[in-house]
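S.K.: Starting off with a structure, shown below.
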Amino acid sequence: MSETATTILAQFQSADGDKTGPPLSLPSSVTAEQLSVLINKFLENEETRPYAFYIDGHEVVRSIQRDIIEGAQRSAEESLTIVYQPQAFFKVRAVSRCSATLTGHTEAVLAVSFSPDGKHLASGSGDTTVRIWDLATETPRVTCRGHRNWVLSLAWSPDARRLASGGMDNDVRLWDPLTGKEEGAPLSGHRKWITALAWEPLHLNPTASRLASSSKDGTVRVWDAVRRRCLFTLAGHTAAVTCVKWGGDGRIYTSSQDRSIRIWNSDGTLHAALPGHAHWVNTLALSTDFALRTGAYDHTGSVPSDSAGAQKRATDRYNDTKGKGSERLVSGSDDFTMHLWDPQNSTKPTARMVGHQKVVNHVSFSPDGRLIASASFDNSVKLWDGVTGKFLASLRGHVAAVYQVCWSSDSRMLLSASKDSTLKIWDLRTRKLKLELPGHADEVFAVDWSPAGDCVASGGKDRTLKLWKH
């Protein structure tokens, strides 16, 4: 089909709202590739970087004529603002086959987590053990024994040297991933089970020595992982704390069944409360989560030689993800809604995100912070704009509740795990199902995508851990 090209007036603009280059007179048949050449020239990039282009929220996939003037019914007479967003230099390939089924756990697998450097995989189970697996040989490396009840949550320190686990036995335990030995006595003090764990970001603390744990008992405790003592307790919620996040500016975010979110300073004082949800708040995510989790490690696998170098790289990666704005927070609730917050500037939500018909179980920002995915008991995954909170798409295909979502490190794919025993991979460009990964014999509770993107791990009720590769 030949395109009738007209001339349009256009202005490039960054995602932060800065104008780039002069207003341009372009043929409407200009393609995304040609726009890419232009913007790389204007930005004087030394190496050509991939970009995605949006006009009024519509992506230019083929050409402005086809996607915007014909597709989005925009007039060619008016000036168009072309928002450009840098894409990851590297591309993650979709995992498509189960490369190993790892048996050993004797009860359901409740948590799986890759280490920030991508070398280790940890799993926590109802059988009270934490297991660490060797990814090179796809075999068990060590079994960490000590918990007296189900292991509910896992968190790697951002320098990858320690693994923390939280259990139904009210204790937090720290493990050496190389030996599987517990580092000292358990961190005891909570009166009910542990619901979530969060380490202080590496760019704020190069020794990665402080850890926060949230509990069903309504408190959050901050621990010194080296001296093995509780530094302070964050008390103020009037019901179970469901989630804890340690932000890049040093503040700690907590969500609770008391329907509120609280923000705490790193010395334990209350900074602000964020009311607004009408039911339990189940889950939180920060726009910088991926950068905070991986610290100084990126997709290249290169490791800084000393802690100062690691701290500098972690700081650069954090600032790069955060951009000019502030860190954003999203919350998901039993009231079927999500709220997007700009917690540094307001205690009122930026957006109230409605659309799910049942409980919102899990929310997650894409590694580049531009999109939000939500998993719900209504069998759907929904996509939202990570800056405005605007609804973008429903990803339908699961036939039962969706428990968890996770992103590929290049932000181009999304993975969902469901009660229907399948994993599904969604393509973000087409917003369609890319691959289905059947294989589990029962509900899939936990899923994680390795930071380098080469491996996915999933675990669930069938007691097995499955590794998926390209």
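Identifiers in the structure tokens: chain A, B, ... in order shown; residue index from 1 per chain; ligand index from 1 in order shown.
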For the helix (DSSP H, G or I) assignment from backbone DSSP, which residues of segment 215-344 of chain A qualify? Please present them as a list in words.
M.R.: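 Output for segment 215-344 of chain A, helix (DSSP H, G or I) only: Asp289, Phe290, Ala291, Leu292, Arg293, Thr294, Ser307, Ala308, Gly309, Ala310, Gln311, Lys312, Arg313, Ala314, Thr315, Asp316, Arg317, Tyr318, Asn319, Asp320, Thr321 and Lys322 of chain A.
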S.K.: Tell me, as a list in words, which residues lie within 9 Å of His470 of chain A, counting only C-alpha atoms; anything in the same chain fewer than 3 positions away does not count.
M.R.: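 Listed by chain and then number, they are Arg93, Ala94, Val95, Ser96, Arg97, Cys98, Ser99, Asp454 and Cys455 of chain A.
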S.K.: Save out the residues we just selected, N, CA and C atoms, as a compact mmCIF listing (two decimals), in the first residue's frame.
M.R.:
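Below is the file that was written, part.txt:
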# COMPACT_ATOMS: atom_id res chain seq x y z
N ARG A 93 16.22 -12.59 25.01
CA ARG A 93 15.45 -13.52 24.17
C ARG A 93 14.40 -14.22 25.05
N ALA A 94 13.24 -14.45 24.48
CA ALA A 94 12.17 -15.10 25.25
C ALA A 94 12.59 -16.52 25.61
N VAL A 95 12.39 -16.92 26.86
CA VAL A 95 12.65 -18.32 27.21
C VAL A 95 11.53 -19.13 26.60
N SER A 96 11.85 -20.33 26.10
CA SER A 96 10.82 -21.07 25.37
C SER A 96 10.74 -22.53 25.77
N ARG A 97 11.72 -23.02 26.56
CA ARG A 97 11.68 -24.45 26.90
C ARG A 97 12.11 -24.65 28.34
N CYS A 98 11.62 -25.70 28.93
CA CYS A 98 12.02 -26.04 30.30
C CYS A 98 13.35 -26.79 30.21
N SER A 99 14.43 -26.19 30.73
CA SER A 99 15.73 -26.84 30.60
C SER A 99 16.02 -27.77 31.77
N ASP A 454 18.81 -14.48 30.87
CA ASP A 454 19.02 -15.76 30.18
C ASP A 454 18.24 -16.92 30.78
N CYS A 455 17.59 -16.72 31.93
CA CYS A 455 16.95 -17.85 32.60
C CYS A 455 15.75 -17.37 33.42
S.K.: Can you list, as a VMD selection string, all residues belonging to segment 104-332 of chain A that DSSP tags as strand (DSSP E or B)?
M.R.: chain A and resid 109 to 114 120 to 125 130 to 134 139 to 144 151 to 156 163 to 167 172 to 175 182 187 194 to 199 210 to 215 219 to 224 229 to 235 241 to 246 252 to 256 261 to 264 270 to 274 281 to 286 329 to 332
S.K.: Between atom CA of Arg62 of chain A and atom CA of Glu33 of chain A, what distance in Å does the model show, to one decimal?
M.R.: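 Spanning atom CA of Arg62 of chain A to atom CA of Glu33 of chain A is a straight-line distance of 8.7 Å.
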S.K.: Near Val447 of chain A, within 9 Å and counting only C-alpha atoms, which residues show up once chain neighbours fewer than 3 positions away are dropped, as a list of chain:residue names?
M.R.: A:Ala111, A:Val112, A:Ser113, A:Gln404, A:Val405, A:Cys406, A:Leu415, A:Ser416, A:Ala417, A:Leu423, A:Val444, A:Val456, A:Ala457, A:Ser458, A:Gly459, A:Gly460
